[in-house]
file structure_4.txt (compact mmCIF, C-alpha atoms)
# COMPACT_ATOMS: atom_id res chain seq x y z
CA MET S 84 179.57 -70.49 -114.44
CA ARG S 85 182.29 -68.48 -116.16
CA PRO S 86 185.49 -70.21 -117.33
CA ARG S 87 187.49 -70.89 -114.16
CA ASP S 88 189.38 -67.86 -112.83
CA ILE S 89 192.76 -69.16 -111.61
CA SER S 90 193.33 -65.96 -109.65
CA ARG S 91 191.05 -67.49 -107.02
CA THR S 92 193.00 -70.74 -106.96
CA PRO S 93 195.32 -71.32 -103.94
CA GLY S 94 198.86 -70.07 -104.53
CA PRO S 95 200.74 -73.36 -105.14
CA LEU S 96 198.04 -74.71 -107.43
CA ARG S 97 197.88 -71.39 -109.29
CA LEU S 98 201.61 -71.54 -109.97
CA ALA S 99 201.28 -75.12 -111.18
CA VAL S 100 198.48 -74.21 -113.56
CA LEU S 101 200.36 -71.19 -114.92
CA GLY S 102 203.45 -73.29 -115.37
CA ALA S 103 201.52 -75.90 -117.32
CA VAL S 104 200.08 -73.22 -119.59
CA LEU S 105 203.52 -71.70 -120.25
CA LEU S 106 205.02 -75.11 -121.01
CA ALA S 107 202.16 -75.91 -123.38
CA CYS S 108 202.71 -72.64 -125.23
CA TYR S 109 206.51 -72.99 -125.48
CA PRO S 110 206.58 -75.25 -128.59
CA LEU S 111 204.14 -72.89 -130.30
CA ALA S 112 206.51 -69.98 -129.93
CA LEU S 113 209.22 -71.97 -131.72
CA ALA S 114 206.99 -72.17 -134.80
CA ALA S 115 207.33 -68.44 -135.58
CA PRO S 116 209.95 -67.43 -138.16
CA ALA S 117 213.09 -65.78 -136.83
CA GLY S 118 212.67 -62.07 -136.27
CA ALA S 119 208.92 -62.16 -136.69
CA VAL S 120 206.48 -60.88 -134.08
CA PRO S 121 203.56 -63.34 -133.96
CA ALA S 122 200.13 -61.79 -134.16
CA ALA S 123 197.96 -62.08 -131.07
CA PRO S 124 195.95 -65.31 -131.37
CA ALA S 125 192.22 -64.96 -131.80
CA LEU S 126 191.14 -67.94 -129.71
CA THR S 127 187.64 -69.33 -129.84
CA VAL S 128 185.44 -69.36 -126.76
CA GLU S 129 185.99 -73.10 -126.41
CA GLU S 130 189.75 -72.76 -126.70
CA GLN S 131 189.77 -70.05 -124.06
CA ARG S 132 188.40 -72.58 -121.55
CA LEU S 133 191.26 -74.99 -122.17
CA PRO S 134 193.89 -73.65 -119.69
CA GLY S 135 191.47 -74.01 -116.76
CA ALA S 136 192.28 -76.38 -113.94
CA VAL S 137 189.51 -78.88 -114.82
CA PRO S 138 190.40 -79.37 -118.52
CA GLN S 139 194.07 -79.68 -117.62
CA GLU S 140 193.33 -82.29 -114.95
CA ILE S 141 191.19 -84.29 -117.40
CA LEU S 142 194.01 -84.25 -119.95
CA ARG S 143 196.68 -85.13 -117.39
CA ARG S 144 194.73 -87.97 -115.78
CA SER S 145 193.96 -89.57 -119.16
CA GLY S 146 197.43 -89.14 -120.65
CA PHE S 147 196.04 -86.95 -123.43
CA ASP S 148 198.08 -83.96 -122.26
CA ASP S 149 200.76 -84.92 -124.81
CA VAL S 150 198.46 -84.49 -127.84
CA ALA S 151 198.61 -80.73 -128.41
CA PRO S 152 202.35 -80.26 -127.65
CA GLY S 153 203.23 -83.12 -130.00
CA PHE S 154 201.03 -81.70 -132.74
CA ALA S 155 202.54 -78.24 -132.28
CA ARG S 156 206.07 -79.61 -132.61
CA ALA S 157 205.13 -81.49 -135.77
CA LEU S 158 203.51 -78.37 -137.22
CA ALA S 159 206.71 -76.43 -136.61
CA ARG S 160 208.58 -78.89 -138.83
CA THR S 161 206.23 -78.63 -141.82
CA ARG S 162 207.50 -76.84 -144.93
CA GLY S 163 204.30 -76.03 -146.77
CA ALA S 164 200.52 -75.85 -146.51
CA ALA S 165 199.93 -79.21 -148.21
CA GLU S 166 202.23 -80.98 -145.77
CA ALA S 167 200.49 -79.24 -142.87
CA GLU S 168 197.09 -80.37 -144.17
CA ARG S 169 198.26 -83.97 -144.35
CA LEU S 170 199.57 -83.69 -140.80
CA ALA S 171 196.30 -82.16 -139.52
CA ALA S 172 194.22 -84.99 -140.99
CA ALA S 173 196.60 -87.74 -139.87
CA ASP S 174 196.96 -86.44 -136.30
CA GLY S 175 193.21 -85.87 -136.09
CA ARG S 176 192.55 -89.49 -137.08
CA ARG S 177 195.22 -90.63 -134.63
CA LEU S 178 193.46 -88.76 -131.82
CA TRP S 179 190.08 -90.31 -132.71
CA ARG S 180 191.55 -93.80 -132.84
CA ARG S 181 193.37 -93.26 -129.57
CA ALA S 182 190.14 -92.15 -127.86
CA VAL S 183 188.22 -95.13 -129.29
CA ASP S 184 190.95 -97.57 -128.27
CA ARG S 185 191.06 -96.16 -124.75
CA ALA S 186 187.27 -96.38 -124.40
CA GLN S 187 187.31 -99.99 -125.63
CA GLY S 188 190.16 -101.13 -123.39
CA ARG S 189 192.99 -101.29 -125.90
CA GLY S 190 196.45 -99.95 -125.14
CA PRO S 191 197.57 -98.09 -122.03
CA ASP S 192 194.95 -96.19 -120.06
CA GLY S 193 197.33 -93.25 -119.64
CA GLY S 194 196.13 -92.39 -116.16
CA ASP S 195 193.51 -93.07 -113.54
CA LEU S 196 190.55 -91.45 -115.31
CA SER S 197 187.87 -93.97 -116.30
CA ARG S 198 188.50 -95.41 -119.75
CA ASP S 199 184.93 -94.76 -120.90
CA ASP S 200 185.36 -90.98 -120.47
CA ASP S 201 184.58 -88.86 -123.55
CA ARG S 202 186.13 -85.65 -122.19
CA PRO S 203 189.82 -86.29 -123.01
CA LEU S 204 188.94 -86.35 -126.71
CA TYR S 205 187.08 -83.04 -126.48
CA TRP S 206 189.80 -81.15 -124.63
CA ALA S 207 192.67 -82.67 -126.63
CA ARG S 208 190.97 -81.65 -129.88
CA LEU S 209 190.72 -78.07 -128.60
CA GLY S 210 194.42 -78.22 -127.79
CA MET S 211 195.08 -79.12 -131.42
CA THR S 212 192.90 -76.35 -132.85
CA ARG S 213 194.44 -73.86 -130.42
CA ALA S 214 197.90 -74.96 -131.59
CA LEU S 215 196.82 -74.32 -135.17
CA ARG S 216 195.50 -70.87 -134.31
CA GLU S 217 198.67 -69.85 -132.50
CA TRP S 218 201.05 -71.35 -135.06
CA ARG S 219 203.05 -68.86 -137.12
CA PRO S 220 204.60 -70.83 -140.02
CA ALA S 221 207.75 -69.85 -141.87
CA PHE S 222 205.83 -69.96 -145.18
CA PRO S 223 202.80 -68.03 -146.46
CA LEU S 224 199.53 -69.43 -145.12
CA PRO S 225 196.33 -67.63 -146.18
CA GLU S 226 193.51 -67.70 -143.68
CA ARG S 227 191.48 -70.00 -145.94
CA ARG S 228 194.29 -72.57 -145.78
CA ARG S 229 194.47 -72.24 -142.01
CA ALA S 230 190.69 -72.77 -141.90
CA ALA S 231 191.14 -75.89 -144.04
CA LEU S 232 193.67 -77.20 -141.52
CA GLU S 233 191.22 -76.68 -138.68
CA ALA S 234 188.45 -78.38 -140.67
CA ALA S 235 190.73 -81.37 -141.27
CA VAL S 236 191.44 -81.69 -137.54
CA GLU S 237 187.75 -81.36 -136.69
CA ARG S 238 186.49 -83.96 -139.16
CA ALA S 239 189.25 -86.47 -138.55
CA SER S 240 189.27 -86.25 -134.75
CA ARG S 241 185.49 -86.75 -134.68
CA GLY S 242 185.53 -89.96 -136.72
CA GLN S 243 183.59 -88.23 -139.49
CA ASP S 244 186.02 -89.19 -142.26
CA SER S 245 186.83 -92.72 -141.09
CA LEU S 246 183.41 -94.39 -141.03
CA ASP S 247 184.04 -97.94 -142.20
CA LEU S 248 180.75 -99.69 -142.86
CA PRO S 249 181.24 -103.14 -144.41
CA GLN S 250 180.04 -104.18 -147.85
CA GLY S 251 177.68 -107.05 -148.57
CA GLY S 252 174.63 -108.46 -146.85
CA ALA S 253 176.22 -110.68 -144.19
CA VAL S 254 176.46 -107.90 -141.62
CA LYS S 255 173.94 -105.14 -140.92
CA ARG S 256 175.37 -101.61 -141.17
CA VAL S 257 174.51 -99.23 -138.31
CA LEU S 258 175.59 -95.60 -138.09
CA ILE S 259 175.28 -93.61 -134.85
CA THR S 260 176.31 -90.10 -133.85
CA GLY S 261 177.07 -88.44 -130.51
CA PHE S 262 177.88 -84.95 -129.25
CA ASP S 263 180.61 -83.06 -127.41
CA PRO S 264 180.11 -82.07 -123.77
CA PHE S 265 178.07 -78.86 -123.47
CA GLN S 266 176.73 -76.29 -120.97
CA LEU S 267 180.31 -75.89 -119.81
CA ASP S 268 179.83 -72.38 -118.45
CA SER S 269 177.59 -73.79 -115.73
CA ASP S 270 179.82 -76.81 -115.03
CA ILE S 271 183.06 -77.24 -116.96
CA ARG S 272 183.35 -80.81 -115.67
CA ARG S 273 180.50 -82.05 -117.84
CA SER S 274 180.66 -85.23 -119.90
CA ASN S 275 178.21 -86.21 -122.65
CA PRO S 276 176.98 -89.82 -122.53
CA SER S 277 176.17 -89.75 -126.25
CA GLY S 278 179.82 -89.03 -127.03
CA ALA S 279 180.93 -91.73 -124.60
CA ALA S 280 178.59 -94.23 -126.31
CA ALA S 281 179.98 -93.28 -129.73
CA LEU S 282 183.54 -94.01 -128.57
CA ALA S 283 182.57 -97.26 -126.87
CA LEU S 284 180.61 -98.61 -129.85
CA ASP S 285 182.61 -97.38 -132.86
CA GLY S 286 183.75 -100.35 -134.94
CA THR S 287 182.08 -102.94 -132.71
CA VAL S 288 179.80 -105.78 -133.78
CA ILE S 289 176.49 -106.36 -131.99
CA ASP S 290 174.62 -109.66 -132.06
CA THR S 291 170.96 -109.12 -132.98
CA PRO S 292 167.97 -111.29 -133.98
CA ALA S 293 168.65 -110.10 -137.54
CA GLY S 294 172.27 -111.24 -137.41
CA PRO S 295 175.49 -109.38 -136.61
CA ALA S 296 175.47 -105.59 -136.91
CA ARG S 297 178.58 -103.45 -137.37
CA VAL S 298 178.35 -100.06 -135.64
CA GLU S 299 180.26 -97.03 -136.88
CA ALA S 300 180.16 -93.74 -134.98
CA ALA S 301 181.01 -90.06 -135.31
CA VAL S 302 180.79 -87.14 -132.91
CA PHE S 303 179.51 -83.62 -133.65
CA PRO S 304 180.17 -80.21 -132.12
CA VAL S 305 177.61 -78.29 -130.09
CA ARG S 306 177.81 -75.24 -132.37
CA TRP S 307 175.05 -73.75 -134.49
CA ALA S 308 177.45 -72.51 -137.19
CA ASP S 309 178.88 -75.93 -137.99
CA PHE S 310 175.41 -77.33 -138.56
CA ALA S 311 174.48 -74.46 -140.87
CA ASP S 312 177.69 -75.16 -142.81
CA GLY S 313 176.54 -78.72 -143.53
CA THR S 314 178.76 -80.86 -141.31
CA VAL S 315 175.93 -83.34 -140.65
CA GLU S 316 174.96 -83.78 -144.30
CA ARG S 317 178.58 -84.10 -145.49
CA THR S 318 179.19 -86.89 -143.01
CA LEU S 319 176.00 -88.89 -143.53
CA LEU S 320 175.30 -88.51 -147.26
CA PRO S 321 177.82 -91.10 -148.56
CA TYR S 322 176.12 -93.76 -146.42
CA PHE S 323 172.55 -92.71 -147.19
CA ARG S 324 172.93 -92.98 -150.95
CA PRO S 325 172.60 -96.29 -152.82
CA GLY S 326 175.75 -98.38 -152.76
CA PRO S 327 177.46 -101.34 -151.09
CA ARG S 328 177.99 -99.43 -147.82
CA LYS S 329 174.50 -97.92 -147.47
CA VAL S 330 173.25 -97.98 -143.88
CA ASP S 331 170.67 -100.48 -142.71
CA LEU S 332 169.81 -98.36 -139.64
CA PHE S 333 170.94 -95.03 -138.22
CA THR S 334 170.27 -93.02 -135.12
CA THR S 335 171.53 -89.71 -133.90
CA ILE S 336 172.03 -89.68 -130.13
CA SER S 337 172.21 -86.91 -127.55
CA GLN S 338 171.72 -86.29 -123.83
CA GLY S 339 168.10 -85.56 -122.99
CA ARG S 340 165.94 -85.83 -119.87
CA PRO S 341 166.66 -87.12 -116.36
CA GLY S 342 166.14 -90.80 -115.67
CA ARG S 343 164.86 -91.93 -119.08
CA PHE S 344 165.60 -92.62 -122.72
CA ASP S 345 163.35 -91.07 -125.36
CA LEU S 346 162.78 -92.12 -128.94
CA GLU S 347 161.74 -88.82 -130.49
CA ARG S 348 158.82 -89.39 -132.85
CA THR S 349 158.86 -85.96 -134.57
CA ASN S 350 161.60 -83.41 -135.31
CA GLY S 351 160.96 -79.71 -135.93
CA ALA S 352 162.53 -77.20 -138.33
CA TRP S 353 163.19 -74.59 -135.65
CA ARG S 354 166.24 -73.27 -133.80
CA GLY S 355 165.23 -72.00 -130.39
CA GLY S 356 168.28 -69.82 -129.72
CA ALA S 357 169.89 -71.36 -126.62
CA PRO S 358 173.62 -70.53 -126.49
CA ASP S 359 175.96 -73.19 -127.87
CA ASN S 360 179.51 -74.03 -126.79
CA ALA S 361 180.76 -70.90 -128.56
CA ARG S 362 178.15 -68.81 -126.67
CA ALA S 363 176.41 -68.14 -130.00
CA SER S 364 172.61 -68.12 -130.32
CA ARG S 365 170.40 -68.75 -133.35
CA THR S 366 166.63 -68.29 -133.50
CA GLU S 367 165.38 -69.16 -136.98
CA THR S 368 164.14 -71.90 -139.26
CA VAL S 369 166.78 -74.62 -139.58
CA PRO S 370 168.88 -73.53 -142.59
CA VAL S 371 169.47 -76.17 -145.25
CA PRO S 372 173.04 -75.94 -146.58
CA PRO S 373 173.44 -75.40 -150.31
CA GLY S 374 174.50 -78.27 -152.51
CA VAL S 375 172.94 -81.16 -150.59
CA PRO S 376 169.81 -83.13 -151.49
CA THR S 377 166.73 -81.82 -149.72
CA VAL S 378 162.95 -81.80 -149.83
CA THR S 379 161.26 -78.80 -151.47
CA PRO S 380 159.47 -76.94 -150.03
CA GLN S 381 161.29 -77.43 -146.75
CA PRO S 382 159.00 -79.34 -144.37
CA GLN S 383 158.25 -78.09 -140.88
CA TRP S 384 158.41 -81.63 -139.50
CA THR S 385 160.19 -84.92 -140.09
CA THR S 386 159.34 -88.25 -138.49
CA THR S 387 161.32 -91.15 -137.08
CA THR S 388 161.29 -94.49 -138.86
CA LEU S 389 162.96 -96.31 -135.98
CA PRO S 390 160.89 -99.25 -134.66
CA TYR S 391 159.76 -97.39 -131.54
CA GLY S 392 157.13 -99.95 -130.64
CA ALA S 393 159.62 -102.81 -130.47
CA VAL S 394 162.22 -100.76 -128.62
CA THR S 395 159.89 -99.37 -125.97
CA ALA S 396 158.37 -102.81 -125.36
CA ALA S 397 161.75 -104.49 -124.80
CA THR S 398 163.78 -104.63 -121.60
CA THR S 399 167.05 -102.98 -122.55
CA GLY S 400 168.45 -101.75 -119.24
CA PRO S 401 167.76 -99.87 -116.00
CA PHE S 402 166.19 -96.81 -117.62
CA PRO S 403 162.71 -96.69 -119.17
CA VAL S 404 162.58 -95.99 -122.91
CA ARG S 405 159.69 -93.74 -123.94
CA ASP S 406 158.04 -93.11 -127.28
CA ASN S 407 157.92 -89.33 -127.10
CA THR S 408 155.23 -87.89 -129.36
CA SER S 409 155.00 -84.34 -127.96
CA VAL S 410 155.86 -81.23 -130.02
CA THR S 411 155.34 -77.48 -129.79
CA GLU S 412 153.73 -75.82 -132.80
CA ILE S 413 152.05 -72.68 -134.02
CA PRO S 414 148.80 -74.05 -135.43
CA ALA S 415 147.77 -73.16 -138.97
CA GLY S 416 146.27 -69.67 -138.85
CA GLY S 417 147.51 -69.09 -135.29
CA THR S 418 150.19 -66.88 -133.77
CA ALA S 419 150.98 -68.45 -130.38
CA PRO S 420 152.90 -71.68 -129.67
CA VAL S 421 150.85 -74.66 -128.46
CA VAL S 422 152.11 -77.93 -126.97
CA ARG S 423 150.67 -80.96 -128.75
CA PRO S 424 151.16 -84.21 -126.80
CA ASP S 425 150.24 -86.35 -129.83
CA GLY S 426 152.31 -84.65 -132.51
CA PRO S 427 151.83 -81.77 -134.95
CA THR S 428 148.57 -80.82 -136.63
CA PRO S 429 148.28 -80.24 -140.40
CA GLY S 430 149.76 -76.97 -141.67
CA SER S 431 151.40 -76.03 -138.37
CA THR S 432 154.74 -74.27 -137.94
CA ALA S 433 157.40 -75.94 -135.81
CA ARG S 434 158.61 -74.40 -132.57
CA ALA S 435 160.01 -77.57 -130.94
CA GLY S 436 160.26 -81.19 -131.94
CA GLY S 437 159.98 -83.99 -129.43
CA GLY S 438 163.66 -83.41 -128.75
CA GLY S 439 163.24 -79.68 -128.19
CA ASP S 440 164.61 -76.77 -130.23
CA TYR S 441 168.35 -77.20 -129.67
CA LEU S 442 171.02 -79.04 -131.66
CA SER S 443 169.80 -82.52 -130.66
CA ASN S 444 166.49 -81.79 -132.40
CA GLU S 445 168.38 -80.20 -135.28
CA ILE S 446 170.67 -83.16 -135.97
CA ALA S 447 167.61 -85.43 -135.93
CA TYR S 448 165.78 -83.08 -138.31
CA ARG S 449 168.77 -82.85 -140.66
CA ALA S 450 169.42 -86.60 -140.71
CA THR S 451 165.80 -87.55 -141.34
CA LEU S 452 165.33 -84.76 -143.91
CA LEU S 453 168.36 -86.10 -145.77
CA ARG S 454 166.92 -89.62 -145.49
CA ASP S 455 163.70 -88.45 -147.14
CA ALA S 456 165.52 -86.40 -149.79
CA VAL S 457 167.52 -89.38 -151.09
CA GLY S 458 164.74 -91.94 -150.58
CA LEU S 459 166.60 -94.00 -147.98
CA LYS S 460 164.30 -96.75 -146.68
CA ALA S 461 166.48 -97.76 -143.71
CA PRO S 462 165.02 -97.02 -140.26
CA GLY S 463 166.39 -93.86 -138.70
CA GLY S 464 165.68 -91.25 -136.05
CA HIS S 465 166.87 -89.86 -132.74
CA LEU S 466 167.55 -91.36 -129.32
CA HIS S 467 167.85 -89.17 -126.23
CA THR S 468 169.80 -90.63 -123.31
CA PRO S 469 169.24 -89.87 -119.62
CA VAL S 470 171.03 -86.86 -118.16
CA LEU S 471 174.44 -87.76 -116.71
CA ASN S 472 174.87 -86.30 -113.23
CA PHE S 473 177.68 -86.31 -110.71
CA GLY S 474 177.18 -88.35 -107.56
CA ALA S 475 175.84 -87.21 -104.22
CA GLY S 476 178.27 -84.88 -102.49
CA ASN S 477 179.96 -83.98 -105.79
CA THR S 478 177.42 -81.66 -107.38
CA ASP S 479 179.07 -78.26 -106.77
CA PRO S 480 181.23 -77.38 -109.80
CA ALA S 481 183.24 -74.89 -107.73
CA THR S 482 184.48 -77.52 -105.28
CA GLY S 483 183.62 -80.88 -106.85
CA ARG S 484 185.87 -83.57 -108.28
CA ILE S 485 186.05 -84.22 -112.03
CA SER S 486 184.70 -87.75 -111.56
CA ASP S 487 183.17 -90.08 -108.99
CA PRO S 488 181.96 -93.72 -108.88
CA GLU S 489 178.26 -92.84 -109.38
CA PHE S 490 179.09 -90.64 -112.36
CA VAL S 491 181.16 -93.37 -114.04
CA ALA S 492 178.65 -96.13 -113.27
CA ALA S 493 175.77 -94.09 -114.74
CA ARG S 494 177.70 -93.30 -117.92
CA MET S 495 178.63 -96.96 -118.41
CA ALA S 496 175.03 -98.05 -117.80
CA ILE S 497 173.80 -95.57 -120.41
CA THR S 498 176.31 -96.86 -122.96
CA ALA S 499 175.33 -100.47 -122.28
CA GLN S 500 171.66 -99.59 -122.75
CA VAL S 501 172.37 -97.76 -126.01
CA ARG S 502 173.97 -100.97 -127.26
CA ALA S 503 170.92 -102.97 -126.18
CA VAL S 504 168.52 -100.50 -127.83
CA LEU S 505 170.46 -100.79 -131.08
CA ALA S 506 170.28 -104.60 -130.91
CA VAL S 507 166.50 -104.50 -130.51
CA ALA S 508 166.09 -101.89 -133.26
CA VAL S 509 168.20 -103.87 -135.73
CA GLY S 510 166.44 -107.10 -134.73
CA ALA S 511 163.08 -105.52 -135.50
CA THR S 512 164.23 -105.04 -139.10
CA ALA S 513 164.71 -108.81 -139.65
CA GLY S 514 163.18 -109.79 -142.96
CA SER S 515 162.81 -106.18 -144.12
call {"tool": "encode", "arguments": {"input": "structure_4.txt", "output": "structure tokens"}}
result
Amino acid sequence: MRPRDISRTPGPLRLAVLGAVLLACYPLALAAPAGAVPAAPALTVEEQRLPGAVPQEILRRSGFDDVAPGFARALARTRGAAEAERLAAADGRRLWRRAVDRAQGRGPDGGDLSRDDDRPLYWARLGMTRALREWRPAFPLPERRRAALEAAVERASRGQDSLDLPQGGAVKRVLITGFDPFQLDSDIRRSNPSGAAALALDGTVIDTPAGPARVEAAVFPVRWADFADGTVERTLLPYFRPGPRKVDLFTTISQGRPGRFDLERTNGAWRGGAPDNARASRTETVPVPPGVPTVTPQPQWTTTTLPYGAVTAATTGPFPVRDNTSVTEIPAGGTAPVVRPDGPTPGSTARAGGGGDYLSNEIAYRATLLRDAVGLKAPGGHLHTPVLNFGAGNTDPATGRISDPEFVAARMAITAQVRAVLAVAVGATAGS
């Protein structure tokens, strides 16, 4: 559906929503220098969704509605671009840590929304980037510096610059990634279980047959442009290269198919063009960003090195875990796409990996391509979670509630099973 139109909201609620928007914008207006007329903000598509009733309720019922106003007030007090950049990074890290702490039961819950919910982080981050976009500082700020501020907020609030894998051999090092909520135009209430799992597991230690494993997590946007700019490679590369903090296992994670987990055997070098959270589409070969290690010539396919046999044979939770070997290819010498249940044939051109042709396939392709480029021997690949649905009687986004017991229980079960899958995968590496 389209971003919620508050003109169709009942009168009292409409006034409340408009009032909340005006109050949220008030500190931003104070940031403009005296006598200046602020330029009209060029908000992103994602930021334009923020004033809607659902995002505001999520923020209010989690206590995260104070994030953007507090950041805006702090921005207004900065006296130069360098100070603003330090603030952006520090407040971004504070938001990430607050979301992780809430998901893991530390500190106040801030409201009645389930602690495991990933959505407060998403909407609060957009409040911060919107505050940056609407801020009119009293000092010169070139657009490139403003872009650097936004990049600092993005990286820090996603956990991308605070990965803390331990040194030494006593503890296995595991790196996982999740995603933001997506498909918000059809249901703005959506949560992403991969993001929820990232928050719940970041910094935790899992007992495995191979010994304790420390999990570190980061979350990525559902935007084609960020991936083309190298956000995945910048985040993962320091932990894929030789050194005392090199990963022992990694997996990218995203929401996949109803009722099942999938370990995706093969990833394809193709973007299928479905709109992202910014309503942008890309149909092309996955572009490799300049300046990062890669394999030349660029391969059409990469393959998981996760121990799929051990994982699929184990009992890890209520959902089946499948070894998904299917891909879609254009065979060598052919012109039409063909589905191959048992993987690609020699010389074929990718049209979909096991995980499809969207950003879940792309993050898997990028991570495993980087693995191969630097010669990382640690197991790695992609895990698709079951689809997270709202409960019976709460499926209509126009009238439904932002949460329900079935919705919360399913998300928590998915997170618990991700943890169990990781334990089996790490355990299968014992002695390697």
call {"tool": "residues_around", "arguments": {"input": "structure_4.txt", "residues": "region 267-269 of chain S", "least_positions_apart": "6", "cutoff": "12 Å", "atoms": "all atoms listed in the file", "output": "JSON list (two decimals) with C-alpha atoms, in the frame of the given file"}}
result
[["chain", "number", "residue", "atom", "x", "y", "z"],
["S", 84, "MET", "CA", 179.57, -70.49, -114.44],
["S", 85, "ARG", "CA", 182.29, -68.48, -116.16],
["S", 86, "PRO", "CA", 185.49, -70.21, -117.33],
["S", 87, "ARG", "CA", 187.49, -70.89, -114.16],
["S", 88, "ASP", "CA", 189.38, -67.86, -112.83],
["S", 128, "VAL", "CA", 185.44, -69.36, -126.76],
["S", 129, "GLU", "CA", 185.99, -73.10, -126.41],
["S", 131, "GLN", "CA", 189.77, -70.05, -124.06],
["S", 132, "ARG", "CA", 188.40, -72.58, -121.55],
["S", 133, "LEU", "CA", 191.26, -74.99, -122.17],
["S", 135, "GLY", "CA", 191.47, -74.01, -116.76],
["S", 137, "VAL", "CA", 189.51, -78.88, -114.82],
["S", 138, "PRO", "CA", 190.40, -79.37, -118.52],
["S", 202, "ARG", "CA", 186.13, -85.65, -122.19],
["S", 205, "TYR", "CA", 187.08, -83.04, -126.48],
["S", 206, "TRP", "CA", 189.80, -81.15, -124.63],
["S", 275, "ASN", "CA", 178.21, -86.21, -122.65],
["S", 305, "VAL", "CA", 177.61, -78.29, -130.09],
["S", 358, "PRO", "CA", 173.62, -70.53, -126.49],
["S", 359, "ASP", "CA", 175.96, -73.19, -127.87],
["S", 360, "ASN", "CA", 179.51, -74.03, -126.79],
["S", 361, "ALA", "CA", 180.76, -70.90, -128.56],
["S", 362, "ARG", "CA", 178.15, -68.81, -126.67],
["S", 478, "THR", "CA", 177.42, -81.66, -107.38],
["S", 479, "ASP", "CA", 179.07, -78.26, -106.77],
["S", 480, "PRO", "CA", 181.23, -77.38, -109.80],
["S", 481, "ALA", "CA", 183.24, -74.89, -107.73]]
call {"tool": "residues_around", "arguments": {"input": "structure_4.txt", "residues": "Gln250 (chain S)", "least_positions_apart": "2", "cutoff": "12 Å", "atoms": "all atoms listed in the file", "output": "PyMOL selection string"}}
result
chain S and resi 247-248+252-256+296-297+322+325-331
call {"tool": "atom_distance", "arguments": {"input": "structure_4.txt", "atom1": "CA of Val298 (chain S)", "atom2": "CA of Leu442 (chain S)"}}
result
22.6 Å
call {"tool": "closest_residue", "arguments": {"input": "structure_4.txt", "among": "S:Thr260, S:Asn350, S:Thr418, S:Asn477", "to": "Tyr441 (chain S)", "atoms": "all atoms listed in the file"}}
result
S:Asn350
call {"tool": "closest_residue", "arguments": {"input": "structure_4.txt", "among": "S:Leu332, S:Ala125, S:Leu215, S:Ala279", "to": "Thr498 (chain S)", "atoms": "all atoms listed in the file"}}
result
S:Ala279
call {"tool": "residues_around", "arguments": {"input": "structure_4.txt", "residues": "region 191-199 of chain S", "least_positions_apart": "5", "cutoff": "8 Å", "atoms": "all atoms listed in the file", "output": "PDB file with C-alpha atoms, in the frame of the given file"}}
result
ATOM      1  CA  ILE S 141     191.190 -84.290-117.400  1.00  0.00           C
ATOM      2  CA  ARG S 143     196.680 -85.130-117.390  1.00  0.00           C
ATOM      3  CA  ARG S 144     194.730 -87.970-115.780  1.00  0.00           C
ATOM      4  CA  SER S 145     193.960 -89.570-119.160  1.00  0.00           C
ATOM      5  CA  GLY S 146     197.430 -89.140-120.650  1.00  0.00           C
ATOM      6  CA  PHE S 147     196.040 -86.950-123.430  1.00  0.00           C
ATOM      7  CA  ARG S 185     191.060 -96.160-124.750  1.00  0.00           C
ATOM      8  CA  ALA S 186     187.270 -96.380-124.400  1.00  0.00           C
ATOM      9  CA  ALA S 279     180.930 -91.730-124.600  1.00  0.00           C
ATOM     10  CA  LEU S 282     183.540 -94.010-128.570  1.00  0.00           C
ATOM     11  CA  ALA S 283     182.570 -97.260-126.870  1.00  0.00           C
ATOM     12  CA  SER S 486     184.700 -87.750-111.560  1.00  0.00           C
ATOM     13  CA  VAL S 491     181.160 -93.370-114.040  1.00  0.00           C
ATOM     14  CA  ARG S 494     177.700 -93.300-117.920  1.00  0.00           C
ATOM     15  CA  MET S 495     178.630 -96.960-118.410  1.00  0.00           C
TER      16      MET S 495
END
call {"tool": "atom_distance", "arguments": {"input": "structure_4.txt", "atom1": "CA of Leu453 (chain S)", "atom2": "CA of Asp425 (chain S)"}}
result
24.1 Å
call {"tool": "build_atoms", "arguments": {"input": "structure_4.txt", "residues": "region 429-435 of chain S", "atoms": "N, CA and C atoms", "output": "PDB file, in the frame of the given file"}}
result
ATOM      1  N   PRO S 429     148.005 -80.620-139.006  1.00  0.00           N
ATOM      2  CA  PRO S 429     148.280 -80.240-140.400  1.00  0.00           C
ATOM      3  C   PRO S 429     148.483 -78.735-140.564  1.00  0.00           C
ATOM      4  N   GLY S 430     149.494 -78.370-141.338  1.00  0.00           N
ATOM      5  CA  GLY S 430     149.760 -76.970-141.670  1.00  0.00           C
ATOM      6  C   GLY S 430     150.409 -76.164-140.573  1.00  0.00           C
ATOM      7  N   SER S 431     150.824 -76.792-139.488  1.00  0.00           N
ATOM      8  CA  SER S 431     151.400 -76.030-138.370  1.00  0.00           C
ATOM      9  C   SER S 431     152.863 -75.684-138.634  1.00  0.00           C
ATOM     10  N   THR S 432     153.355 -74.720-137.865  1.00  0.00           N
ATOM     11  CA  THR S 432     154.740 -74.270-137.940  1.00  0.00           C
ATOM     12  C   THR S 432     155.485 -74.766-136.702  1.00  0.00           C
ATOM     13  N   ALA S 433     156.644 -75.336-136.905  1.00  0.00           N
ATOM     14  CA  ALA S 433     157.400 -75.940-135.810  1.00  0.00           C
ATOM     15  C   ALA S 433     157.968 -74.883-134.870  1.00  0.00           C
ATOM     16  N   ARG S 434     157.893 -75.174-133.580  1.00  0.00           N
ATOM     17  CA  ARG S 434     158.610 -74.400-132.570  1.00  0.00           C
ATOM     18  C   ARG S 434     159.450 -75.300-131.665  1.00  0.00           C
ATOM     19  N   ALA S 435     159.154 -76.588-131.623  1.00  0.00           N
ATOM     20  CA  ALA S 435     160.010 -77.570-130.940  1.00  0.00           C
ATOM     21  C   ALA S 435     159.574 -78.955-131.365  1.00  0.00           C
TER      22      ALA S 435
END
